[in-house]
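A.B. asks: I'm passing along coords-v4.txt; it holds compact mmCIF, C-alpha atoms.
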# COMPACT_ATOMS: atom_id res chain seq x y z
CA MET A 1 -4.28 35.36 -26.39
CA ARG A 2 -5.71 32.87 -28.89
CA LYS A 3 -9.18 33.35 -30.39
CA VAL A 4 -11.17 31.49 -33.02
CA ILE A 5 -12.29 34.32 -35.31
CA THR A 6 -13.23 35.03 -38.91
CA GLY A 7 -10.99 36.87 -41.35
CA ASN A 8 -13.20 39.94 -41.04
CA TYR A 9 -12.80 39.93 -37.26
CA ALA A 10 -9.05 39.42 -37.74
CA CYS A 11 -9.06 42.72 -39.66
CA ALA A 12 -10.92 44.43 -36.82
CA TYR A 13 -8.67 43.02 -34.10
CA GLY A 14 -5.63 44.01 -36.20
CA ALA A 15 -6.89 47.60 -36.44
CA LYS A 16 -7.51 47.63 -32.69
CA ALA A 17 -4.03 46.28 -31.93
CA SER A 18 -2.60 48.98 -34.20
CA ASN A 19 -4.29 51.64 -32.06
CA VAL A 20 -6.01 53.29 -35.01
CA GLU A 21 -7.32 56.75 -34.21
CA VAL A 22 -9.89 57.36 -36.97
CA ILE A 23 -12.11 54.78 -38.68
CA ALA A 24 -14.29 55.72 -41.64
CA ALA A 25 -17.03 53.14 -42.01
CA TYR A 26 -19.39 52.21 -44.82
CA PRO A 27 -20.76 48.65 -44.94
CA ILE A 28 -20.69 46.43 -47.99
CA THR A 29 -21.03 42.65 -48.23
CA PRO A 30 -18.84 40.75 -47.39
CA GLN A 31 -16.77 43.36 -45.54
CA THR A 32 -19.49 44.64 -43.20
CA GLN A 33 -18.41 42.60 -40.16
CA VAL A 34 -15.07 44.46 -40.13
CA VAL A 35 -16.56 47.87 -39.40
CA GLU A 36 -19.31 46.39 -37.20
CA LYS A 37 -16.73 44.80 -34.92
CA ILE A 38 -14.66 47.98 -34.77
CA ALA A 39 -17.84 49.93 -33.90
CA GLU A 40 -18.29 47.52 -30.98
CA PHE A 41 -14.70 48.12 -29.83
CA VAL A 42 -15.22 51.89 -29.92
CA SER A 43 -18.63 51.85 -28.24
CA ASN A 44 -17.50 49.69 -25.30
CA GLY A 45 -14.30 51.67 -24.80
CA GLU A 46 -11.86 48.95 -25.89
CA LEU A 47 -10.59 51.25 -28.65
CA LYS A 48 -10.31 54.99 -28.13
CA ALA A 49 -10.87 56.30 -31.64
CA GLN A 50 -13.10 58.52 -33.75
CA TYR A 51 -15.62 56.37 -35.63
CA ILE A 52 -17.08 58.18 -38.65
CA GLU A 53 -20.15 56.80 -40.40
CA VAL A 54 -20.17 58.04 -43.99
CA GLU A 55 -22.63 57.83 -46.88
CA SER A 56 -20.37 56.10 -49.42
CA GLU A 57 -16.99 54.48 -49.94
CA HIS A 58 -15.78 57.60 -51.76
CA SER A 59 -16.50 59.57 -48.60
CA ALA A 60 -14.90 56.88 -46.45
CA MET A 61 -11.58 57.32 -48.21
CA ALA A 62 -11.99 61.12 -48.22
CA ALA A 63 -12.44 61.01 -44.44
CA CYS A 64 -9.35 58.82 -44.07
CA ILE A 65 -7.35 61.25 -46.21
CA GLY A 66 -8.41 64.19 -44.05
CA ALA A 67 -7.62 62.31 -40.85
CA SER A 68 -4.23 61.15 -42.09
CA MET A 69 -3.31 64.66 -43.26
CA VAL A 70 -3.64 66.00 -39.71
CA GLY A 71 -1.48 63.16 -38.39
CA ALA A 72 -4.04 60.56 -37.27
CA ARG A 73 -3.66 56.83 -37.90
CA ALA A 74 -6.60 56.14 -40.25
CA TYR A 75 -8.33 52.88 -41.20
CA THR A 76 -11.21 51.67 -43.35
CA ALA A 77 -12.39 48.53 -45.11
CA THR A 78 -14.32 47.83 -48.28
CA SER A 79 -15.00 45.39 -51.09
CA ALA A 80 -15.82 45.11 -54.80
CA GLN A 81 -17.89 48.00 -56.25
CA GLY A 82 -17.17 49.95 -53.06
CA LEU A 83 -13.46 49.82 -53.78
CA LEU A 84 -14.14 51.01 -57.33
CA LEU A 85 -16.19 53.91 -55.99
CA MET A 86 -13.09 54.92 -53.99
CA HIS A 87 -10.86 54.85 -57.07
CA GLU A 88 -10.36 58.62 -57.42
CA MET A 89 -9.59 58.96 -53.72
CA LEU A 90 -7.13 56.06 -53.83
CA HIS A 91 -4.95 58.13 -56.15
CA TRP A 92 -5.25 61.13 -53.82
CA ALA A 93 -4.18 59.06 -50.81
CA ALA A 94 -1.17 57.58 -52.60
CA ASN A 95 0.00 60.79 -54.27
CA ALA A 96 -0.38 62.72 -51.02
CA ARG A 97 1.86 60.02 -49.48
CA LEU A 98 -0.61 59.16 -46.68
CA PRO A 99 -0.07 55.84 -44.84
CA ILE A 100 -3.73 54.84 -44.60
CA VAL A 101 -4.38 51.11 -44.16
CA MET A 102 -7.46 49.50 -45.70
CA ALA A 103 -8.74 45.94 -45.74
CA ASN A 104 -10.32 44.81 -48.98
CA THR A 105 -12.40 41.67 -48.81
CA ASN A 106 -11.87 40.36 -52.35
CA ARG A 107 -15.22 40.15 -54.18
CA ALA A 108 -16.12 39.74 -57.85
CA LEU A 109 -17.31 42.79 -59.79
CA ALA A 110 -20.76 43.20 -61.34
CA PRO A 111 -22.48 42.72 -63.69
CA PRO A 112 -23.82 40.15 -63.17
CA TRP A 113 -24.01 40.67 -59.42
CA SER A 114 -21.83 38.39 -57.38
CA ILE A 115 -20.88 38.60 -53.72
CA TRP A 116 -18.31 35.82 -53.93
CA SER A 117 -14.57 35.91 -54.21
CA ASP A 118 -12.18 36.75 -56.98
CA GLN A 119 -9.41 39.35 -57.27
CA GLN A 120 -10.79 41.66 -59.95
CA ASP A 121 -11.56 44.48 -57.50
CA SER A 122 -8.10 44.81 -55.98
CA ILE A 123 -6.29 44.02 -59.22
CA SER A 124 -8.14 46.94 -60.83
CA GLN A 125 -6.43 49.26 -58.31
CA ARG A 126 -2.94 47.97 -59.10
CA ASP A 127 -1.69 51.27 -60.51
CA THR A 128 -3.04 53.64 -57.87
CA GLY A 129 0.23 53.61 -55.91
CA TRP A 130 -1.00 51.52 -52.95
CA LEU A 131 0.99 48.70 -51.43
CA GLN A 132 -1.00 45.47 -51.87
CA PHE A 133 -0.70 42.42 -49.56
CA TYR A 134 -2.53 39.15 -50.39
CA CYS A 135 -3.21 37.02 -47.30
CA GLU A 136 -3.64 33.26 -47.06
CA SER A 137 -4.98 32.81 -43.51
CA ASN A 138 -6.79 34.74 -40.79
CA GLN A 139 -3.58 34.84 -38.74
CA GLU A 140 -1.85 36.47 -41.69
CA VAL A 141 -4.72 38.97 -42.02
CA PHE A 142 -4.31 40.00 -38.38
CA ASP A 143 -0.51 40.20 -38.53
CA THR A 144 -0.51 42.02 -41.88
CA THR A 145 -2.78 44.76 -40.58
CA ILE A 146 -0.13 45.66 -37.99
CA LEU A 147 2.76 45.17 -40.42
CA ALA A 148 1.01 47.30 -43.04
CA TYR A 149 1.06 50.32 -40.71
CA LYS A 150 4.73 49.71 -39.89
CA VAL A 151 5.67 49.70 -43.57
CA ALA A 152 3.22 52.35 -44.81
CA GLU A 153 4.31 54.89 -42.21
CA LYS A 154 7.98 54.23 -42.99
CA VAL A 155 7.68 54.79 -46.75
CA SER A 156 4.71 57.21 -46.66
CA LEU A 157 2.47 55.16 -48.93
CA PRO A 158 -1.01 53.71 -48.23
CA ALA A 159 -1.45 49.95 -47.87
CA MET A 160 -4.25 47.58 -48.84
CA LEU A 161 -4.43 44.08 -47.39
CA VAL A 162 -6.57 41.61 -49.26
CA LEU A 163 -8.50 38.59 -48.00
CA ASP A 164 -10.73 36.22 -49.96
CA ALA A 165 -14.47 36.80 -49.53
CA PHE A 166 -16.16 34.06 -47.44
CA ILE A 167 -13.15 31.74 -47.87
CA LEU A 168 -11.42 33.80 -45.18
CA SER A 169 -13.81 36.64 -44.36
CA HIS A 170 -16.54 34.39 -42.90
CA THR A 171 -14.50 31.32 -41.96
CA ALA A 172 -13.30 31.01 -38.37
CA GLU A 173 -9.73 29.94 -37.61
CA PRO A 174 -7.53 30.12 -34.50
CA VAL A 175 -5.67 33.44 -34.43
CA GLU A 176 -2.99 34.51 -31.97
CA ILE A 177 -4.07 37.99 -30.92
CA ILE A 178 -1.60 40.68 -29.90
CA GLU A 179 -3.52 42.90 -27.49
CA SER A 180 -1.58 46.02 -28.46
CA ALA A 181 1.21 46.58 -30.97
CA HIS A 182 2.16 49.77 -29.16
CA ASP A 183 5.75 48.59 -28.65
CA PHE A 184 6.04 47.52 -32.30
CA LEU A 185 4.39 50.55 -33.90
CA SER A 186 5.71 53.97 -33.02
CA PRO A 187 3.07 56.70 -32.63
CA TYR A 188 2.26 58.20 -36.04
CA ASN A 189 3.65 61.72 -36.11
CA PRO A 190 4.37 62.77 -39.73
CA LYS A 191 6.91 65.48 -40.49
CA TYR A 192 4.47 67.22 -42.83
CA LYS A 193 0.81 67.59 -41.82
CA LEU A 194 -2.02 70.10 -41.61
CA ASP A 195 -1.27 72.08 -38.48
CA ILE A 196 -2.77 75.45 -37.52
CA ASP A 197 0.47 76.30 -35.69
CA ASN A 198 2.55 75.59 -38.77
CA PRO A 199 0.32 76.40 -41.75
CA CYS A 200 1.18 74.92 -45.16
CA SER A 201 -0.74 73.74 -48.19
CA PHE A 202 -0.87 70.43 -50.06
CA GLY A 203 -1.94 69.28 -53.52
CA LEU A 204 -1.90 72.61 -55.34
CA LEU A 205 -1.64 73.08 -59.11
CA THR A 206 1.74 72.20 -60.58
CA LYS A 207 3.13 73.09 -64.01
CA PRO A 208 4.82 70.71 -66.45
CA GLU A 209 8.21 72.17 -65.57
CA GLY A 210 7.78 70.95 -62.00
CA PRO A 211 7.45 69.49 -59.48
CA TYR A 212 4.70 67.03 -60.55
CA TYR A 213 7.14 64.76 -62.41
CA GLU A 214 9.51 64.70 -59.43
CA PHE A 215 6.68 63.81 -57.03
CA LYS A 216 5.92 60.72 -59.13
CA TYR A 217 9.59 59.74 -59.21
CA LYS A 218 9.84 59.97 -55.43
CA ALA A 219 6.70 57.85 -55.01
CA ALA A 220 8.19 55.27 -57.36
CA GLU A 221 11.38 55.26 -55.28
CA ALA A 222 9.33 54.80 -52.10
CA MET A 223 7.50 51.82 -53.59
CA GLU A 224 10.81 50.23 -54.55
CA GLU A 225 12.24 51.00 -51.12
CA SER A 226 9.23 49.31 -49.52
CA LYS A 227 10.65 45.87 -50.46
CA ARG A 228 13.52 46.36 -48.03
CA VAL A 229 11.24 47.95 -45.43
CA ILE A 230 8.76 45.05 -45.58
CA ILE A 231 11.54 42.52 -44.99
CA GLU A 232 12.98 44.55 -42.09
CA ALA A 233 9.54 45.00 -40.51
CA GLU A 234 8.74 41.30 -40.86
CA ARG A 235 12.09 40.26 -39.33
CA GLU A 236 11.40 42.51 -36.36
CA PHE A 237 7.87 41.09 -36.14
CA GLU A 238 9.34 37.57 -36.20
CA ARG A 239 11.75 38.37 -33.36
CA ARG A 240 8.90 39.71 -31.24
CA PHE A 241 6.01 37.43 -32.16
CA GLY A 242 7.54 34.42 -33.96
CA ARG A 243 5.89 34.75 -37.37
CA TYR A 244 7.46 35.70 -40.72
CA TYR A 245 5.94 35.77 -44.22
CA GLY A 246 8.16 37.69 -46.67
CA LEU A 247 7.39 38.95 -50.16
CA VAL A 248 7.17 35.45 -51.62
CA VAL A 249 6.37 32.37 -49.56
CA PRO A 250 8.08 29.29 -51.11
CA TYR A 251 6.91 25.73 -50.51
CA ARG A 252 8.93 22.64 -51.48
CA CYS A 253 10.80 24.60 -54.13
CA GLU A 254 14.08 22.69 -53.59
CA ASN A 255 15.04 20.96 -56.87
CA ALA A 256 11.66 21.83 -58.37
CA ASP A 257 11.52 21.86 -62.16
CA ILE A 258 7.79 22.67 -62.12
CA LEU A 259 6.60 25.66 -60.12
CA MET A 260 3.06 26.77 -59.35
CA VAL A 261 2.58 30.49 -58.67
CA ALA A 262 -0.49 31.50 -56.69
CA SER A 263 -1.78 34.16 -54.27
CA GLY A 264 -4.26 34.27 -51.41
CA ALA A 265 -6.09 31.35 -49.81
CA ILE A 266 -5.90 29.11 -52.90
CA ALA A 267 -2.25 28.47 -51.95
CA SER A 268 -3.39 26.18 -49.12
CA SER A 269 -5.06 23.83 -51.60
CA CYS A 270 -2.02 24.01 -53.88
CA ARG A 271 0.17 22.69 -51.05
CA GLU A 272 -2.03 19.62 -50.63
CA VAL A 273 -1.77 18.86 -54.34
CA ILE A 274 1.98 19.46 -54.38
CA ASP A 275 2.46 17.02 -51.48
CA LYS A 276 0.57 14.36 -53.43
CA PHE A 277 2.63 14.80 -56.60
CA ARG A 278 5.90 15.07 -54.65
CA ALA A 279 5.07 11.66 -53.13
CA GLU A 280 4.71 10.33 -56.68
CA GLY A 281 8.16 11.63 -57.63
CA VAL A 282 7.20 14.86 -59.40
CA ASP A 283 9.62 17.70 -58.61
CA ILE A 284 7.08 20.47 -58.08
CA GLY A 285 6.89 23.44 -55.73
CA LEU A 286 4.82 26.51 -54.98
CA ALA A 287 5.66 30.21 -54.90
CA ARG A 288 2.93 32.14 -53.10
CA ILE A 289 3.15 35.80 -54.03
CA ARG A 290 2.25 37.88 -51.00
CA THR A 291 2.81 41.39 -52.39
CA LEU A 292 1.51 42.44 -55.79
CA ARG A 293 2.81 45.96 -55.10
CA PRO A 294 5.70 46.04 -54.75
CA PHE A 295 6.04 43.03 -57.03
CA PRO A 296 8.73 40.68 -55.66
CA SER A 297 10.64 40.21 -58.91
CA GLU A 298 14.04 39.37 -57.42
CA GLU A 299 12.63 36.84 -54.95
CA LEU A 300 10.60 35.10 -57.65
CA VAL A 301 13.53 34.94 -60.06
CA LYS A 302 15.69 33.25 -57.38
CA LEU A 303 13.16 30.41 -57.22
CA CYS A 304 13.27 29.91 -61.00
CA LYS A 305 16.92 28.84 -61.27
CA ASP A 306 16.18 25.21 -62.15
CA VAL A 307 12.54 25.56 -63.16
CA LYS A 308 11.51 24.36 -66.61
CA VAL A 309 7.78 25.04 -66.45
CA LEU A 310 5.93 27.65 -64.46
CA GLY A 311 2.14 27.66 -64.03
CA VAL A 312 0.56 30.92 -62.80
CA LEU A 313 -2.91 30.71 -61.25
CA ASP A 314 -4.99 33.88 -61.54
CA ARG A 315 -8.37 34.61 -59.94
CA ASN A 316 -8.58 37.72 -62.13
CA PHE A 317 -8.30 38.63 -65.80
CA SER A 318 -7.04 41.65 -67.72
CA PHE A 319 -9.29 41.62 -70.79
CA GLY A 320 -7.36 41.57 -74.02
CA ALA A 321 -4.34 40.13 -72.25
CA GLU A 322 -4.15 37.53 -69.46
CA GLY A 323 -4.23 37.15 -65.68
CA VAL A 324 -2.35 39.98 -64.00
CA PHE A 325 -0.12 37.84 -61.78
CA CYS A 326 0.97 36.03 -64.95
CA THR A 327 1.84 39.28 -66.72
CA GLU A 328 3.82 40.43 -63.70
CA THR A 329 5.58 37.06 -63.41
CA LYS A 330 6.57 37.06 -67.09
CA SER A 331 7.91 40.61 -66.76
CA ALA A 332 10.08 39.59 -63.81
CA VAL A 333 11.30 36.20 -65.00
CA TYR A 334 11.88 36.91 -68.70
CA ASN A 335 14.12 39.87 -67.81
CA SER A 336 16.39 37.47 -65.89
CA ASN A 337 18.79 34.76 -67.05
CA TYR A 338 16.09 32.10 -66.62
CA HIS A 339 13.40 31.48 -69.20
CA PRO A 340 11.05 28.70 -68.11
CA ILE A 341 7.90 28.05 -70.11
CA ILE A 342 5.10 30.03 -68.46
CA LYS A 343 1.44 29.03 -68.76
CA ASN A 344 -1.46 30.98 -67.27
CA TYR A 345 -4.50 29.31 -65.61
CA ILE A 346 -7.61 31.41 -65.02
CA ILE A 347 -9.55 29.84 -62.18
CA GLY A 348 -12.25 30.50 -59.58
CA LEU A 349 -13.79 33.73 -60.95
CA GLY A 350 -17.01 34.84 -59.25
CA GLY A 351 -16.38 32.49 -56.33
CA ARG A 352 -16.44 29.34 -58.46
CA ASP A 353 -15.10 26.55 -56.24
CA VAL A 354 -11.48 25.67 -56.85
CA LEU A 355 -11.43 21.93 -56.26
CA ILE A 356 -8.48 19.68 -55.58
CA LYS A 357 -9.24 17.86 -58.82
CA ASP A 358 -8.94 21.18 -60.70
CA LEU A 359 -5.49 21.78 -59.25
CA GLU A 360 -4.47 18.18 -59.96
CA ALA A 361 -5.52 18.70 -63.59
CA ILE A 362 -3.33 21.82 -63.73
CA VAL A 363 -0.32 19.89 -62.42
CA LYS A 364 -0.89 17.10 -64.97
CA ASP A 365 -1.11 19.75 -67.68
CA LEU A 366 2.18 21.31 -66.49
CA ILE A 367 3.85 17.87 -66.61
CA LYS A 368 2.62 17.53 -70.20
CA VAL A 369 3.92 21.01 -71.08
CA LYS A 370 7.32 20.06 -69.65
CA LYS A 371 7.46 17.01 -71.95
CA GLU A 372 5.82 18.38 -75.09
CA GLY A 373 6.19 22.16 -74.91
CA LEU A 374 3.63 24.95 -74.63
CA ASP A 375 0.32 24.18 -76.39
CA ARG A 376 -1.33 27.55 -75.61
CA GLU A 377 -0.52 30.47 -73.37
CA ARG A 378 -3.55 30.33 -71.08
CA LYS A 379 -6.34 28.02 -70.07
CA TRP A 380 -9.63 28.69 -68.28
CA ILE A 381 -10.25 26.02 -65.63
CA GLY A 382 -13.72 24.86 -64.57
CA LEU A 383 -15.87 26.44 -67.30
CA ILE A 384 -19.39 24.97 -67.59
CA LYS A 385 -19.87 23.72 -71.15
Take the structure from the file and write it as structure tokens.
C.D. replies:
Amino acid sequence: MRKVITGNYACAYGAKASNVEVIAAYPITPQTQVVEKIAEFVSNGELKAQYIEVESEHSAMAACIGASMVGARAYTATSAQGLLLMHEMLHWAANARLPIVMANTNRALAPPWSIWSDQQDSISQRDTGWLQFYCESNQEVFDTTILAYKVAEKVSLPAMLVLDAFILSHTAEPVEIIESAHDFLSPYNPKYKLDIDNPCSFGLLTKPEGPYYEFKYKAAEAMEESKRVIIEAEREFERRFGRYYGLVVPYRCENADILMVASGAIASSCREVIDKFRAEGVDIGLARIRTLRPFPSEELVKLCKDVKVLGVLDRNFSFGAEGVFCTETKSAVYNSNYHPIIKNYIIGLGGRDVLIKDLEAIVKDLIKVKKEGLDRERKWIGLIK
């Protein structure tokens, strides 16, 4: 069934198709439509689930943790300051190895207040132990919700899928809807859970001599293992439904000596610019990074074999350093046999429009860097002077 729906509704339909059993809901702009639509599904009987209205995002994640610990498939959605309010609970979910899935509608952080899109909220949760998927289209948002459960439940880690505020969340696109992913997703029945017939305890005090250290090591192993699991899940998804994304989505990377690296919806505009410069004889391609965690180091390095200059676009900034996707890219590429020049472009913070002319200016700058060498490590695009 094909529907024209917003990115927020794609989240809701994805949760419904995944047969979620518990939804913890707290509204925040621009995510609110996600939980509103799920409330409609539950109230009219389309989705048989427990819908819990809570008083804060911290409580929303706490409710999901409780639900997941008794073996229920749990879901929530949030954005911006709401995600930050969850921060403590995000660590609990990851370290308790609970496969909760959450949509985060990317929104800039205050102050000053902004309801528009950038990646600072999700980037700030990079080290909580959650898988992070960055989506480019509403179809990808829908598909990734289902895939996220498949992967999360396999590796016992929670998963966050990210969509750009308003650019996707409130923009309607055609989406192929899977009514139920029942045949793709096995019922969630964890080996370890809170069960009155088999009492056990979780999260108690541990001493330095163990097993805290070992728990962290096993979580790290699970995150690394998730790369293989994501690929396997996506190949199965492709066989059943015809769509595949992968960890990195390459575009016109054959013979490219200039490579743009981007994430999220901005990649669509990058493709238009790349087509224009390819027509003019510039050997340029795009690597869209779909998973920040796990970071697809091996896949990105493979695309850098003949690349001389690499431009990383970041809609976020780590103060005192650079954009986070750039840092991650440098870490991956500079530990390989390839050492292209890497330049970081900070762009579109606080929902500032990213125009085609801005991306064209970046490509022209990368061409100049290829000829003359690196002038500076990063550049802020579109500042008002």
A.B. asks: Residues within 12 Å of Lys364 in chain A, please, as a JSON list (two decimals) with C-alpha atoms, in the coordinates of the input. Count all atoms listed in the file; anything in the same chain fewer than 3 positions from it doesn't count.
C.D. replies:
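selection_23.json, written as the output of this step:
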[["chain", "number", "residue", "atom", "x", "y", "z"],
["A", 258, "ILE", "CA", 7.79, 22.67, -62.12],
["A", 260, "MET", "CA", 3.06, 26.77, -59.35],
["A", 273, "VAL", "CA", -1.77, 18.86, -54.34],
["A", 274, "ILE", "CA", 1.98, 19.46, -54.38],
["A", 276, "LYS", "CA", 0.57, 14.36, -53.43],
["A", 277, "PHE", "CA", 2.63, 14.80, -56.60],
["A", 282, "VAL", "CA", 7.20, 14.86, -59.40],
["A", 284, "ILE", "CA", 7.08, 20.47, -58.08],
["A", 309, "VAL", "CA", 7.78, 25.04, -66.45],
["A", 311, "GLY", "CA", 2.14, 27.66, -64.03],
["A", 357, "LYS", "CA", -9.24, 17.86, -58.82],
["A", 358, "ASP", "CA", -8.94, 21.18, -60.70],
["A", 359, "LEU", "CA", -5.49, 21.78, -59.25],
["A", 360, "GLU", "CA", -4.47, 18.18, -59.96],
["A", 361, "ALA", "CA", -5.52, 18.70, -63.59],
["A", 367, "ILE", "CA", 3.85, 17.87, -66.61],
["A", 368, "LYS", "CA", 2.62, 17.53, -70.20],
["A", 369, "VAL", "CA", 3.92, 21.01, -71.08],
["A", 370, "LYS", "CA", 7.32, 20.06, -69.65],
["A", 371, "LYS", "CA", 7.46, 17.01, -71.95]]
A.B. asks: Write out as JSON, numbers by chain each polymer residue whose atoms come within 9 Å of range 32-44 of chain A, counting only C-alpha atoms; drop sequence neighbours fewer than 3 positions from it.
C.D. replies: {"A": [7, 8, 9, 10, 11, 12, 13, 15, 16, 23, 24, 25, 26, 27, 28, 29, 47, 48, 49, 50, 51, 76, 77, 78, 103, 169, 170]}
A.B. asks: Extract, using only C-alpha atoms, all DNA, RNA and protein residues at most 8 Å from Tyr149 in chain A, discarding same-chain residues fewer than 4 positions from it, and format them as a PyMOL selection string.
C.D. replies: chain A and resi 18+99-101+145+153+159+185
A.B. asks: List as a VMD selection string the protein and nucleic acid residues near Glu176 in chain A, meaning an atom at most 8 Å away when only C-alpha atoms are counted, but skip any in the same chain fewer than 6 places from it.
C.D. replies: chain A and resid 1 to 3 139
A.B. asks: Could you list, as a ChimeraX atom specification, every residue within 8 Å of Ser122 in chain A, counting all atoms listed in the file and ignoring same-chain residues fewer than 5 positions away?
C.D. replies: /A:80,83,104,106,162
A.B. asks: Pick the closest to Cys270 in chain A from A:Leu157, A:Leu313, A:Glu88, A:Asp306: which is it, counting all atoms listed in the file?
C.D. replies: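 Going through A:Leu157, A:Leu313, A:Glu88, A:Asp306 one by one, the smallest distance to Cys270 in chain A is for A:Leu313.
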A.B. asks: Using all atoms listed in the file, which residues of range 76-141 of chain A come within 12 Å of range 234-255 of chain A, and what is the closest atom pair for each, with the distance in Å to one decimal? Give it as a Markdown table, sorted by chain and residue number.
C.D. replies:
| residue | atom | partner | partner_atom | distance |
| --- | --- | --- | --- | --- |
| A:Leu131 | CA | A:Leu247 | CA | 11.7 |
| A:Gln132 | CA | A:Leu247 | CA | 10.8 |
| A:Phe133 | CA | A:Leu247 | CA | 8.8 |
| A:Tyr134 | CA | A:Leu247 | CA | 9.9 |
| A:Cys135 | CA | A:Tyr245 | CA | 9.7 |
| A:Glu136 | CA | A:Tyr245 | CA | 10.3 |
| A:Ser137 | CA | A:Tyr245 | CA | 11.3 |
| A:Gln139 | CA | A:Arg243 | CA | 9.6 |
| A:Glu140 | CA | A:Tyr245 | CA | 8.2 |
| A:Val141 | CA | A:Tyr245 | CA | 11.3 |
A.B. asks: Quick check, in Å to one decimal: how far apart do CA of Tyr213 in chain A and CA of Leu90 in chain A lie?
C.D. replies: 18.8 Å
